[in-house]
file run_19.txt (compact mmCIF, C-alpha atoms)
# COMPACT_ATOMS: atom_id res chain seq x y z
CA MET A 6 0.00 0.00 0.00
CA LEU A 7 1.49 3.33 -1.04
CA LYS A 8 1.63 5.87 1.74
CA ARG A 9 0.30 9.39 1.37
CA ALA A 10 2.86 11.96 2.45
CA ILE A 11 1.16 15.05 3.87
CA HIS A 12 3.02 18.30 3.34
CA PRO A 13 3.82 20.09 6.62
CA ALA A 14 2.87 23.56 5.35
CA PRO A 15 -0.75 24.71 5.81
CA TRP A 16 -2.96 24.17 2.77
CA GLY A 17 -2.23 26.60 -0.02
CA LEU A 18 -0.06 29.08 1.90
CA SER A 19 3.18 28.05 0.23
CA LEU A 20 3.87 27.64 -3.48
CA ASP A 21 5.85 24.57 -2.47
CA HIS A 22 2.65 22.90 -1.30
CA PRO A 23 1.61 19.82 -3.36
CA GLN A 24 -1.68 21.55 -4.11
CA TRP A 25 0.05 23.81 -6.64
CA GLN A 26 2.53 21.37 -8.19
CA CYS A 27 0.11 20.24 -10.91
CA GLY A 28 -2.60 22.30 -12.59
CA MET A 29 -5.39 19.83 -12.01
CA ARG A 30 -4.96 19.54 -8.24
CA PRO A 31 -6.68 22.69 -6.87
CA PHE A 32 -9.33 22.74 -9.61
CA PHE A 33 -10.30 19.09 -9.29
CA ALA A 34 -10.39 19.42 -5.50
CA ALA A 35 -12.57 22.54 -5.64
CA GLY A 36 -14.82 20.97 -8.28
CA THR A 37 -15.38 17.92 -6.09
CA LEU A 38 -16.33 20.03 -3.08
CA LEU A 39 -18.61 22.21 -5.22
CA ALA A 40 -20.36 19.15 -6.68
CA LEU A 41 -21.24 18.16 -3.12
CA LEU A 42 -22.06 21.61 -1.74
CA GLY A 43 -24.13 22.69 -4.74
CA MET A 44 -26.30 19.57 -4.64
CA LEU A 45 -26.68 19.64 -0.85
CA LEU A 46 -28.01 23.21 -1.03
CA TRP A 47 -30.33 22.28 -3.90
CA LEU A 48 -31.68 19.22 -2.08
CA ALA A 49 -32.26 21.26 1.08
CA PHE A 50 -34.15 23.82 -0.99
CA LEU A 51 -36.31 21.27 -2.80
CA VAL A 52 -37.13 19.07 0.18
CA GLY A 53 -36.84 21.34 3.20
CA GLY A 54 -37.58 24.73 1.69
CA LEU A 55 -34.31 26.13 3.02
CA PRO A 56 -33.10 29.34 1.37
CA LEU A 57 -30.52 29.31 -1.40
CA PRO A 58 -27.64 31.81 -1.62
CA ALA A 59 -28.58 35.40 -2.38
CA ALA A 60 -27.86 35.06 -6.10
CA ALA A 61 -30.87 32.76 -6.48
CA ASP A 62 -33.17 35.66 -5.57
CA ARG A 63 -31.93 37.61 -8.59
CA LEU A 64 -31.34 34.81 -11.07
CA GLY A 65 -34.07 32.42 -10.03
CA PRO A 66 -33.44 29.07 -8.31
CA PHE A 67 -33.11 27.02 -11.52
CA ALA A 68 -30.66 29.44 -13.10
CA TRP A 69 -28.62 29.46 -9.89
CA HIS A 70 -28.61 25.65 -9.83
CA GLY A 71 -27.47 25.44 -13.43
CA GLN A 72 -24.81 28.11 -13.04
CA THR A 73 -23.37 26.56 -9.90
CA LEU A 74 -22.83 23.14 -11.43
CA LEU A 75 -22.37 23.80 -15.16
CA MET A 76 -20.26 26.92 -14.74
CA GLY A 77 -18.65 26.43 -11.34
CA LEU A 78 -17.91 22.71 -11.51
CA GLY A 79 -17.59 22.74 -15.30
CA LEU A 80 -14.97 25.49 -15.50
CA ALA A 81 -12.97 23.94 -12.66
CA ALA A 82 -12.87 20.63 -14.55
CA VAL A 83 -12.05 22.24 -17.90
CA VAL A 84 -9.22 24.45 -16.65
CA GLY A 85 -7.74 21.72 -14.46
CA PHE A 86 -7.75 19.33 -17.42
CA VAL A 87 -6.25 21.86 -19.87
CA LEU A 88 -3.46 22.86 -17.49
CA THR A 89 -2.55 19.18 -17.08
CA ALA A 90 -3.21 17.74 -20.54
CA VAL A 91 -1.81 20.44 -22.82
CA PRO A 92 1.80 20.02 -21.61
CA GLU A 93 1.50 16.27 -22.14
CA PHE A 94 -0.13 16.54 -25.57
CA THR A 95 2.37 19.16 -26.80
CA ALA A 96 5.51 17.88 -25.00
CA THR A 97 6.01 21.21 -23.21
CA PRO A 98 6.75 22.09 -19.56
CA GLY A 99 3.94 22.00 -17.03
CA CYS A 100 2.18 25.03 -15.64
CA GLU A 101 4.25 26.68 -12.92
CA PRO A 102 2.79 26.80 -9.38
CA ARG A 103 2.53 30.59 -9.30
CA ARG A 104 0.32 30.63 -12.39
CA VAL A 105 -1.75 27.71 -11.12
CA ARG A 106 -2.47 29.61 -7.92
CA ALA A 107 -3.28 32.85 -9.75
CA LEU A 108 -5.74 31.08 -12.05
CA PHE A 109 -7.33 29.28 -9.13
CA LEU A 110 -7.85 32.61 -7.36
CA CYS A 111 -9.64 33.83 -10.50
CA TRP A 112 -11.93 30.79 -10.34
CA LEU A 113 -12.53 31.33 -6.62
CA THR A 114 -13.39 34.99 -7.23
CA GLY A 115 -15.88 34.02 -9.91
CA PHE A 116 -17.50 31.34 -7.78
CA VAL A 117 -17.79 33.41 -4.59
CA ALA A 118 -19.19 36.38 -6.51
CA SER A 119 -21.72 34.12 -8.25
CA GLN A 120 -23.34 33.34 -4.91
CA TRP A 121 -24.19 36.98 -4.14
CA ALA A 122 -26.75 39.34 -5.59
CA GLY A 123 -26.24 42.81 -6.96
CA PRO A 124 -24.34 44.49 -9.80
CA VAL A 125 -20.97 44.41 -8.01
CA ALA A 126 -21.21 40.65 -7.54
CA LEU A 127 -22.15 40.18 -11.21
CA LEU A 128 -19.20 42.31 -12.29
CA LEU A 129 -16.77 40.43 -10.05
CA GLY A 130 -18.15 37.10 -11.26
CA ALA A 131 -17.72 38.08 -14.89
CA LEU A 132 -14.20 39.39 -14.25
CA GLY A 133 -13.12 36.35 -12.24
CA TRP A 134 -14.31 33.69 -14.65
CA THR A 135 -13.33 35.63 -17.78
CA ALA A 136 -9.83 36.17 -16.38
CA LEU A 137 -9.68 32.45 -15.59
CA LEU A 138 -10.56 31.40 -19.15
CA LEU A 139 -8.53 34.04 -20.97
CA GLY A 140 -5.56 33.48 -18.65
CA THR A 141 -5.71 29.76 -19.36
CA LEU A 142 -6.00 30.44 -23.09
CA ALA A 143 -3.05 32.87 -23.04
CA TRP A 144 -0.93 30.16 -21.40
CA ALA A 145 -2.13 27.30 -23.62
CA ALA A 146 -2.45 28.98 -27.04
CA PRO A 147 1.30 29.28 -27.85
CA ARG A 148 1.80 25.62 -26.96
CA LEU A 149 -1.17 24.51 -29.05
CA TRP A 150 -0.06 26.61 -32.03
CA ARG A 151 3.62 25.64 -31.93
CA ASP A 152 2.83 21.94 -31.80
CA PRO A 153 3.87 20.72 -35.29
CA ALA A 154 0.67 18.74 -35.86
CA ARG A 155 -1.58 21.41 -34.26
CA ALA A 156 -3.85 18.54 -33.37
CA GLN A 157 -5.04 20.06 -30.09
CA LEU A 158 -6.33 23.45 -31.28
CA ALA A 159 -9.88 22.39 -30.39
CA PHE A 160 -9.05 23.11 -26.73
CA GLY A 161 -8.27 26.73 -27.63
CA TRP A 162 -11.53 27.15 -29.54
CA ALA A 163 -13.43 25.59 -26.64
CA LEU A 164 -11.93 28.09 -24.19
CA LEU A 165 -12.97 30.95 -26.49
CA ALA A 166 -16.50 29.55 -26.74
CA LEU A 167 -16.75 29.20 -22.98
CA THR A 168 -15.57 32.78 -22.56
CA ALA A 169 -18.27 34.04 -24.93
CA VAL A 170 -20.97 32.09 -23.07
CA VAL A 171 -19.79 33.29 -19.66
CA LEU A 172 -19.81 36.93 -20.82
CA GLY A 173 -23.21 36.53 -22.47
CA TRP A 174 -24.63 35.01 -19.30
CA HIS A 175 -23.45 37.91 -17.16
CA VAL A 176 -24.65 40.56 -19.63
CA ASP A 177 -28.16 39.09 -19.70
CA ALA A 178 -28.11 38.60 -15.91
CA TRP A 179 -27.27 42.31 -15.60
CA ARG A 180 -30.18 43.17 -17.92
CA GLY A 181 -32.57 40.86 -16.10
CA ALA A 182 -33.17 38.86 -19.30
CA PRO A 183 -33.97 35.12 -19.29
CA LEU A 184 -30.87 32.97 -18.83
CA SER A 185 -32.04 29.55 -19.99
CA ARG A 186 -30.53 29.91 -23.47
CA TRP A 187 -27.11 30.59 -21.97
CA LEU A 188 -27.35 27.52 -19.76
CA ASP A 189 -28.24 25.46 -22.83
CA ALA A 190 -25.31 26.99 -24.72
CA LEU A 191 -22.98 26.29 -21.81
CA LEU A 192 -24.15 22.67 -21.72
CA GLY A 193 -23.60 22.36 -25.47
CA VAL A 194 -20.04 23.69 -25.29
CA GLN A 195 -19.32 21.34 -22.39
CA MET A 196 -20.62 18.39 -24.44
CA ALA A 197 -18.42 19.32 -27.40
CA LEU A 198 -15.42 19.65 -25.14
CA MET A 199 -16.26 16.28 -23.60
CA VAL A 200 -16.04 14.68 -27.05
CA VAL A 201 -12.67 16.35 -27.67
CA ALA A 202 -11.20 15.37 -24.31
CA LEU A 203 -12.52 11.82 -24.12
CA SER A 204 -11.32 11.08 -27.65
CA ARG A 205 -7.77 11.75 -26.44
CA ILE A 206 -8.17 9.82 -23.20
CA SER A 207 -9.86 6.85 -24.83
CA MET A 208 -6.98 6.19 -27.22
CA ARG A 209 -4.93 5.09 -24.23
CA ILE A 210 -7.62 3.62 -22.03
CA VAL A 211 -9.26 1.35 -24.61
CA ASN A 212 -5.98 0.25 -26.21
CA ARG A 213 -4.52 -0.54 -22.81
CA SER A 214 -7.57 -2.69 -22.09
CA LEU A 215 -6.97 -4.43 -25.42
CA ASP A 216 -3.31 -4.97 -24.53
CA ASP A 217 -4.34 -6.58 -21.23
CA LEU A 218 -6.82 -8.83 -23.04
CA HIS A 219 -4.24 -9.85 -25.64
CA ALA A 220 -1.69 -10.62 -22.91
CA ALA A 221 -4.23 -12.84 -21.14
CA GLN A 222 -4.95 -14.64 -24.41
CA ARG A 223 -1.22 -15.32 -24.93
CA ARG A 224 -0.84 -16.68 -21.41
CA ALA A 225 -3.78 -19.03 -21.98
CA GLY A 226 -2.38 -20.16 -25.33
CA LEU A 227 -5.39 -18.76 -27.20
CA PRO A 228 -5.33 -17.06 -30.60
CA VAL A 229 -4.68 -13.32 -30.29
CA ASP A 230 -6.59 -10.95 -32.55
CA ASP A 231 -5.02 -7.75 -33.80
CA THR A 232 -7.86 -5.41 -32.81
CA VAL A 233 -6.76 -1.79 -32.22
CA TYR A 234 -8.98 1.05 -31.10
CA LEU A 235 -8.85 4.26 -33.16
CA ALA A 236 -10.80 7.42 -32.37
CA ARG A 237 -11.38 8.25 -36.03
CA PRO A 238 -11.36 12.02 -36.70
CA PRO A 239 -14.22 12.05 -39.26
CA ARG A 240 -16.67 10.52 -36.79
CA ARG A 241 -15.52 12.83 -34.01
CA GLN A 242 -15.74 15.87 -36.28
CA LEU A 243 -19.25 14.95 -37.41
CA ALA A 244 -20.34 14.71 -33.77
CA LEU A 245 -18.75 18.10 -33.00
CA ILE A 246 -20.35 19.75 -36.04
CA THR A 247 -23.85 18.50 -35.23
CA ILE A 248 -23.53 19.41 -31.54
CA GLY A 249 -22.29 22.87 -32.54
CA LEU A 250 -25.11 23.42 -35.04
CA PHE A 251 -27.73 22.34 -32.53
CA THR A 252 -26.27 24.50 -29.77
CA ALA A 253 -26.06 27.61 -31.97
CA THR A 254 -29.56 27.14 -33.39
CA GLN A 255 -31.05 26.43 -29.97
CA TRP A 256 -29.47 29.64 -28.68
CA ALA A 257 -30.70 31.74 -31.61
CA ALA A 258 -34.15 30.18 -32.07
CA PRO A 259 -35.16 28.20 -28.98
CA GLY A 260 -38.23 26.06 -29.41
CA GLU A 261 -38.13 25.94 -33.22
CA ARG A 262 -38.71 22.55 -34.83
CA VAL A 263 -35.40 22.70 -36.66
CA THR A 264 -33.64 22.33 -33.32
CA GLY A 265 -35.35 18.97 -32.91
CA TRP A 266 -33.93 17.64 -36.18
CA LEU A 267 -30.48 18.98 -35.31
CA ALA A 268 -30.62 17.33 -31.88
CA LEU A 269 -31.52 14.01 -33.49
CA ALA A 270 -28.65 14.51 -35.94
CA ALA A 271 -26.29 15.02 -32.99
CA ALA A 272 -27.65 11.83 -31.36
CA ALA A 273 -27.12 9.90 -34.61
CA ALA A 274 -23.57 11.26 -34.96
CA LEU A 275 -22.75 10.20 -31.41
CA ALA A 276 -24.18 6.74 -32.04
CA HIS A 277 -22.04 6.58 -35.18
CA LEU A 278 -19.00 7.61 -33.14
CA LEU A 279 -19.66 4.68 -30.79
CA ASN A 280 -18.87 2.27 -33.62
CA ASP A 281 -15.19 3.00 -32.94
CA TRP A 282 -15.64 1.51 -29.48
CA HIS A 283 -16.98 -1.91 -30.44
CA VAL A 284 -13.73 -3.80 -29.89
CA GLY A 285 -15.04 -6.88 -28.12
CA ARG A 286 -14.55 -7.95 -24.51
CA ALA A 287 -11.99 -5.22 -23.82
CA LEU A 288 -14.84 -2.72 -23.81
CA LEU A 289 -16.32 -4.39 -20.73
CA HIS A 290 -13.44 -3.37 -18.46
CA ARG A 291 -14.39 -0.69 -15.97
CA ARG A 292 -12.60 2.34 -17.44
CA PRO A 293 -13.48 1.80 -21.14
CA LEU A 294 -17.06 1.00 -20.18
CA MET A 295 -17.29 4.17 -18.09
CA LEU A 296 -16.14 6.32 -21.01
CA TYR A 297 -18.49 4.45 -23.36
CA ALA A 298 -21.39 5.21 -21.00
CA VAL A 299 -20.66 8.94 -21.30
CA TYR A 300 -21.24 8.81 -25.06
CA VAL A 301 -24.35 6.65 -24.65
CA SER A 302 -25.75 9.20 -22.18
CA MET A 303 -24.99 12.01 -24.62
CA ALA A 304 -26.75 10.20 -27.47
CA LEU A 305 -29.81 9.54 -25.28
CA GLY A 306 -29.81 13.13 -24.05
CA TYR A 307 -29.83 14.61 -27.55
CA THR A 308 -32.52 12.11 -28.55
CA GLY A 309 -34.69 13.42 -25.72
CA LEU A 310 -34.06 17.03 -26.75
CA GLY A 311 -34.93 16.21 -30.35
CA LEU A 312 -38.17 14.42 -29.48
CA GLY A 313 -39.15 17.23 -27.13
CA ALA A 314 -38.69 19.91 -29.78
CA LEU A 315 -40.47 17.97 -32.51
CA ALA A 316 -43.39 16.78 -30.38
CA GLY A 317 -43.68 19.94 -28.30
CA GLN A 318 -43.37 17.87 -25.11
CA ALA A 319 -41.57 19.60 -22.25
CA GLY A 320 -41.05 16.29 -20.47
CA TRP A 321 -38.85 14.93 -23.25
CA THR A 322 -36.87 18.18 -23.37
CA SER A 323 -36.28 18.19 -19.62
CA ALA A 324 -35.36 14.50 -19.62
CA GLY A 325 -32.86 15.00 -22.43
CA ARG A 326 -31.34 18.06 -20.82
CA HIS A 327 -30.81 16.26 -17.52
CA LEU A 328 -29.38 13.13 -19.15
CA LEU A 329 -26.76 15.45 -20.61
CA ALA A 330 -26.25 17.51 -17.45
CA VAL A 331 -26.27 14.68 -14.90
CA SER A 332 -25.15 11.47 -16.58
CA ALA A 333 -22.99 12.69 -19.49
CA PHE A 334 -21.54 15.81 -17.84
CA GLY A 335 -21.23 14.31 -14.35
CA LEU A 336 -19.88 10.94 -15.47
CA GLY A 337 -17.46 12.54 -17.94
CA ILE A 338 -15.98 14.73 -15.23
CA LEU A 339 -15.84 11.79 -12.81
CA ALA A 340 -13.90 9.81 -15.44
CA VAL A 341 -11.41 12.64 -15.96
CA PHE A 342 -10.95 13.11 -12.21
CA ALA A 343 -10.50 9.39 -11.58
CA ILE A 344 -8.18 8.71 -14.52
CA ALA A 345 -6.15 11.86 -15.16
CA GLY A 346 -6.53 13.13 -11.60
CA ARG A 347 -5.06 9.96 -10.15
CA THR A 348 -2.23 9.20 -12.57
CA HIS A 349 -1.06 12.82 -12.74
CA ALA A 350 -0.86 12.83 -8.95
CA GLY A 351 1.65 9.99 -9.26
CA TRP A 352 -0.64 7.08 -8.37
CA PRO A 353 -1.28 3.87 -10.35
CA ASP A 354 -4.63 2.95 -11.87
CA GLU A 355 -7.65 2.81 -9.59
CA ARG A 356 -8.81 -0.80 -9.23
CA ARG A 357 -11.14 -0.60 -6.22
CA ALA A 358 -14.89 -1.09 -6.45
CA TRP A 359 -15.82 2.47 -5.50
CA LEU A 360 -15.17 3.81 -9.02
CA PRO A 361 -17.67 1.65 -10.95
CA ALA A 362 -20.10 2.11 -8.06
CA ALA A 363 -19.78 5.92 -8.35
CA ALA A 364 -20.23 5.72 -12.13
CA ALA A 365 -23.36 3.61 -11.67
CA ALA A 366 -24.67 6.15 -9.15
CA LEU A 367 -24.37 8.97 -11.68
CA LEU A 368 -26.15 6.92 -14.33
CA LEU A 369 -28.89 6.24 -11.77
CA ALA A 370 -29.06 9.95 -10.94
CA GLY A 371 -29.55 10.84 -14.61
CA ALA A 372 -32.19 8.16 -15.12
CA ALA A 373 -34.07 9.20 -11.99
CA ARG A 374 -34.01 12.87 -12.95
CA ALA A 375 -35.21 12.02 -16.46
CA GLY A 376 -38.05 9.97 -14.99
CA ALA A 377 -39.06 12.88 -12.75
CA ALA A 378 -39.42 15.04 -15.87
CA PHE A 379 -42.34 12.84 -16.95
CA GLY A 380 -44.12 13.22 -13.62
CA LEU A 381 -43.35 9.70 -12.41
CA ALA A 382 -43.25 10.16 -8.61
CA PRO A 383 -41.32 13.38 -9.20
CA VAL A 384 -40.47 14.22 -5.59
CA MET A 385 -39.16 10.76 -4.81
CA LEU A 386 -37.14 10.59 -8.04
CA LEU A 387 -35.69 14.06 -7.49
CA VAL A 388 -34.49 12.95 -4.06
CA VAL A 389 -33.09 9.70 -5.50
CA ALA A 390 -31.24 11.64 -8.20
CA ALA A 391 -29.76 14.07 -5.67
CA LEU A 392 -28.71 11.34 -3.25
CA ALA A 393 -27.13 9.27 -6.03
CA TRP A 394 -25.18 12.34 -7.21
CA LEU A 395 -24.02 13.01 -3.64
CA ALA A 396 -22.99 9.38 -3.18
CA ALA A 397 -20.85 9.50 -6.33
CA TRP A 398 -19.08 12.73 -5.46
CA GLY A 399 -18.79 11.74 -1.83
CA ALA A 400 -16.78 8.74 -3.01
CA VAL A 401 -14.54 11.05 -5.03
CA ALA A 402 -14.02 13.21 -1.94
CA VAL A 403 -13.03 10.16 0.12
CA TRP A 404 -10.79 8.37 -2.38
CA LEU A 405 -9.31 11.12 -4.56
CA LEU A 406 -9.39 14.43 -2.70
CA PRO A 407 -6.65 13.42 -0.23
CA LEU A 408 -4.34 12.47 -3.12
CA TRP A 409 -4.49 16.00 -4.56
CA GLN A 410 -3.37 17.51 -1.26
CA ALA A 411 -0.56 15.06 -0.54
CA GLU A 412 2.97 14.59 -1.83
CA ARG A 413 3.40 12.15 -4.70
CA PRO A 414 4.24 8.63 -3.50
CA ASP A 415 7.19 8.44 -5.94
CA GLY A 416 8.82 11.60 -4.58
CA ARG A 417 8.54 13.53 -7.87
CA ARG A 418 7.09 16.96 -8.48
CA GLY A 419 4.73 18.12 -11.20
CA CYS A 420 2.23 16.21 -13.32
CA ASP A 421 4.34 13.31 -14.60
CA GLU A 422 2.57 9.98 -14.64
CA PRO A 423 4.00 7.11 -12.59
CA ASP A 424 6.18 4.81 -14.67
CA GLU A 425 3.73 1.92 -14.44
CA ALA A 426 0.58 3.95 -15.22
CA GLY A 427 0.55 4.10 -18.99
CA SER A 428 -2.65 6.08 -19.00
CA GLY A 429 -4.02 9.43 -18.01
CA CYS A 430 -4.85 12.27 -20.34

call {"tool": "encode", "arguments": {"input": "run_19.txt", "output": "structure tokens"}}
result
Amino acid sequence: MLKRAIHPAPWGLSLDHPQWQCGMRPFFAAGTLLALLGMLLWLAFLVGGLPLPAAADRLGPFAWHGQTLLMGLGLAAVVGFVLTAVPEFTATPGCEPRRVRALFLCWLTGFVASQWAGPVALLLGALGWTALLLGTLAWAAPRLWRDPARAQLAFGWALLALTAVVLGWHVDAWRGAPLSRWLDALLGVQMALMVVALSRISMRIVNRSLDDLHAAQRRAGLPVDDTVYLARPPRRQLALITIGLFTATQWAAPGERVTGWLALAAAAALAHLLNDWHVGRALLHRRPLMLYAVYVSMALGYTGLGLGALAGQAGWTSAGRHLLAVSAFGLGILAVFAIAGRTHAGWPDERRAWLPAAAAALLLAGAARAGAAFGLAPVMLLVVAALAWLAAWGAVAVWLLPLWQAERPDGRRGCDEPDEAGSGC
């Protein structure tokens, strides 16, 4: 059993603290705590009628709920992943601790301000989160551009899209205009970024599962097939194009029937993308299956959105939206935290049962929330969804959060993977 070495300095007060030695550490830790806090407050509001933070009085409770998780948790996951993955993808040095801390303070400013009402809070929220995204882009863009293949430029475009959505949200919040279209746009950008990120991660995860299967076949004296997993760019690009078209059209003309056809096109493109994953028994291993379930949830979510727009049924629309926001978004972030967040903290692959149990809990949460949208015992299903979400992120807090605050077990610094890991971003 590897021992966790706790740094003697108080949390975060020294740049030498492990919390700042890799870009994902403070953001993944804060995202985990926010996933728990945001849902606890929402559950207390729904069940016990307890008041939400002051921002909910101005924005409305549903807009506050969406902003807290999609923007707060989402931006923490995105920035933490970019700061960790871009150096690996482009073979460049990692993000220095001083910059990591400065960017985290921008995120913290945006989050704290988002919980208060009033024009000053809105301004501080916009400044904090915009500085976070543009600061991350300013650091990442030269690396992405100088990479000879320029294969990772999608991360730069995603950061620009997120910046535009964050600014648009705050402008309309200032004007008192409806915010639902910005939440939908934010969810769409997050889904596109999920496709980009998981395509990179899956190349290692699925092929490593295939390698393990082939090794077992050799040991047993069985014939070994030559199956290799490839995340084919045309399929990924088709999924990104259809998601982008749906998101833009939904923002510009919400409720129009054309959005229904575009949502179904996105669902079909995602189902087509899944053909890359059908590699046999290797897909049934826990980590490939978890990533596969993210895409399945996305396809089902866009199917629900499409049926809702075409049939004029709000239940289908709500079910589709929550399959995306709970199962696809939540499970995708859990996968990134558990895979990249563990290996880039210097620890080997997670093999304990809590990870598939947490993944199953998020799938249950999405299914329960979708069922509630159709009026099937809505109160009970809302509580089930919230408790399943809390169980999943509570497991992350128990099993992963301490690793991001501790010294690496191999004595190294930075984001390097352990020698035996072979996976991560």

call {"tool": "residues_around", "arguments": {"input": "run_19.txt", "residues": "Leu296 of chain A", "least_positions_apart": "2", "cutoff": "12 Å", "atoms": "all atoms listed in the file", "output": "JSON, numbers by chain"}}
result
{"A": [199, 200, 202, 203, 204, 205, 206, 207, 208, 209, 210, 211, 279, 282, 288, 289, 290, 291, 292, 293, 294, 298, 299, 300, 301, 302, 303, 332, 333, 334, 335, 336, 337, 338, 339, 340, 341, 343, 344, 361, 364]}

call {"tool": "write_last_selection", "arguments": {"input": "run_19.txt", "atoms": "C-alpha atoms", "output": "PDB file, keeping the file's coordinate frame"}}
result
ATOM      1  CA  MET A 199     -16.260  16.280 -23.600  1.00  0.00           C
ATOM      2  CA  VAL A 200     -16.040  14.680 -27.050  1.00  0.00           C
ATOM      3  CA  ALA A 202     -11.200  15.370 -24.310  1.00  0.00           C
ATOM      4  CA  LEU A 203     -12.520  11.820 -24.120  1.00  0.00           C
ATOM      5  CA  SER A 204     -11.320  11.080 -27.650  1.00  0.00           C
ATOM      6  CA  ARG A 205      -7.770  11.750 -26.440  1.00  0.00           C
ATOM      7  CA  ILE A 206      -8.170   9.820 -23.200  1.00  0.00           C
ATOM      8  CA  SER A 207      -9.860   6.850 -24.830  1.00  0.00           C
ATOM      9  CA  MET A 208      -6.980   6.190 -27.220  1.00  0.00           C
ATOM     10  CA  ARG A 209      -4.930   5.090 -24.230  1.00  0.00           C
ATOM     11  CA  ILE A 210      -7.620   3.620 -22.030  1.00  0.00           C
ATOM     12  CA  VAL A 211      -9.260   1.350 -24.610  1.00  0.00           C
ATOM     13  CA  LEU A 279     -19.660   4.680 -30.790  1.00  0.00           C
ATOM     14  CA  TRP A 282     -15.640   1.510 -29.480  1.00  0.00           C
ATOM     15  CA  LEU A 288     -14.840  -2.720 -23.810  1.00  0.00           C
ATOM     16  CA  LEU A 289     -16.320  -4.390 -20.730  1.00  0.00           C
ATOM     17  CA  HIS A 290     -13.440  -3.370 -18.460  1.00  0.00           C
ATOM     18  CA  ARG A 291     -14.390  -0.690 -15.970  1.00  0.00           C
ATOM     19  CA  ARG A 292     -12.600   2.340 -17.440  1.00  0.00           C
ATOM     20  CA  PRO A 293     -13.480   1.800 -21.140  1.00  0.00           C
ATOM     21  CA  LEU A 294     -17.060   1.000 -20.180  1.00  0.00           C
ATOM     22  CA  ALA A 298     -21.390   5.210 -21.000  1.00  0.00           C
ATOM     23  CA  VAL A 299     -20.660   8.940 -21.300  1.00  0.00           C
ATOM     24  CA  TYR A 300     -21.240   8.810 -25.060  1.00  0.00           C
ATOM     25  CA  VAL A 301     -24.350   6.650 -24.650  1.00  0.00           C
ATOM     26  CA  SER A 302     -25.750   9.200 -22.180  1.00  0.00           C
ATOM     27  CA  MET A 303     -24.990  12.010 -24.620  1.00  0.00           C
ATOM     28  CA  SER A 332     -25.150  11.470 -16.580  1.00  0.00           C
ATOM     29  CA  ALA A 333     -22.990  12.690 -19.490  1.00  0.00           C
ATOM     30  CA  PHE A 334     -21.540  15.810 -17.840  1.00  0.00           C
ATOM     31  CA  GLY A 335     -21.230  14.310 -14.350  1.00  0.00           C
ATOM     32  CA  LEU A 336     -19.880  10.940 -15.470  1.00  0.00           C
ATOM     33  CA  GLY A 337     -17.460  12.540 -17.940  1.00  0.00           C
ATOM     34  CA  ILE A 338     -15.980  14.730 -15.230  1.00  0.00           C
ATOM     35  CA  LEU A 339     -15.840  11.790 -12.810  1.00  0.00           C
ATOM     36  CA  ALA A 340     -13.900   9.810 -15.440  1.00  0.00           C
ATOM     37  CA  VAL A 341     -11.410  12.640 -15.960  1.00  0.00           C
ATOM     38  CA  ALA A 343     -10.500   9.390 -11.580  1.00  0.00           C
ATOM     39  CA  ILE A 344      -8.180   8.710 -14.520  1.00  0.00           C
ATOM     40  CA  PRO A 361     -17.670   1.650 -10.950  1.00  0.00           C
ATOM     41  CA  ALA A 364     -20.230   5.720 -12.130  1.00  0.00           C
TER      42      ALA A 364
END

call {"tool": "residues_near_point", "arguments": {"input": "run_19.txt", "point": "(7.4, 12.1, -6.4)", "cutoff": "12 Å", "atoms": "all atoms listed in the file", "output": "PyMOL selection string"}}
result
chain A and resi 7-10+23+26-27+348-352+411-424

call {"tool": "residues_around", "arguments": {"input": "run_19.txt", "residues": "Thr89 of chain A", "least_positions_apart": "6", "cutoff": "12 Å", "atoms": "only C-alpha atoms", "output": "ChimeraX atom specification"}}
result
/A:25-33,82-83,95-101,105,141,144-145,202,341-342,345-350,419-422,429-430

call {"tool": "atom_distance", "arguments": {"input": "run_19.txt", "atom1": "atom CA of Ala397 of chain A", "atom2": "atom CA of Ala358 of chain A"}}
result
12.2 Å

call {"tool": "closest_atom_pairs", "arguments": {"input": "run_19.txt", "of": "segment 181-300 of chain A", "to": "segment 64-77 of chain A", "cutoff": "10 Å", "atoms": "all atoms listed in the file", "output": "JSON lines"}}
result
{"residue": "A:Gly181", "atom": "CA", "partner": "A:Leu64", "partner_atom": "CA", "distance": 8.0}
{"residue": "A:Ala182", "atom": "CA", "partner": "A:Leu64", "partner_atom": "CA", "distance": 9.4}
{"residue": "A:Pro183", "atom": "CA", "partner": "A:Leu64", "partner_atom": "CA", "distance": 8.6}
{"residue": "A:Leu184", "atom": "CA", "partner": "A:Ala68", "partner_atom": "CA", "distance": 6.7}
{"residue": "A:Ser185", "atom": "CA", "partner": "A:Ala68", "partner_atom": "CA", "distance": 7.0}
{"residue": "A:Trp187", "atom": "CA", "partner": "A:Gln72", "partner_atom": "CA", "distance": 9.5}
{"residue": "A:Leu188", "atom": "CA", "partner": "A:Gly71", "partner_atom": "CA", "distance": 6.7}
{"residue": "A:Asp189", "atom": "CA", "partner": "A:Gly71", "partner_atom": "CA", "distance": 9.4}
{"residue": "A:Leu191", "atom": "CA", "partner": "A:Leu75", "partner_atom": "CA", "distance": 7.1}
{"residue": "A:Leu192", "atom": "CA", "partner": "A:Leu75", "partner_atom": "CA", "distance": 6.9}
{"residue": "A:Gln195", "atom": "CA", "partner": "A:Leu75", "partner_atom": "CA", "distance": 8.2}

call {"tool": "residues_around", "arguments": {"input": "run_19.txt", "residues": "Leu129 of chain A", "least_positions_apart": "4", "cutoff": "12 Å", "atoms": "only C-alpha atoms", "output": "ChimeraX atom specification"}}
result
/A:111-125,133-136,172,175

call {"tool": "closest_residue", "arguments": {"input": "run_19.txt", "among": "A:Ala324, A:Asp354, A:Leu386, A:Leu46", "to": "Ala61 of chain A", "atoms": "all atoms listed in the file"}}
result
A:Leu46
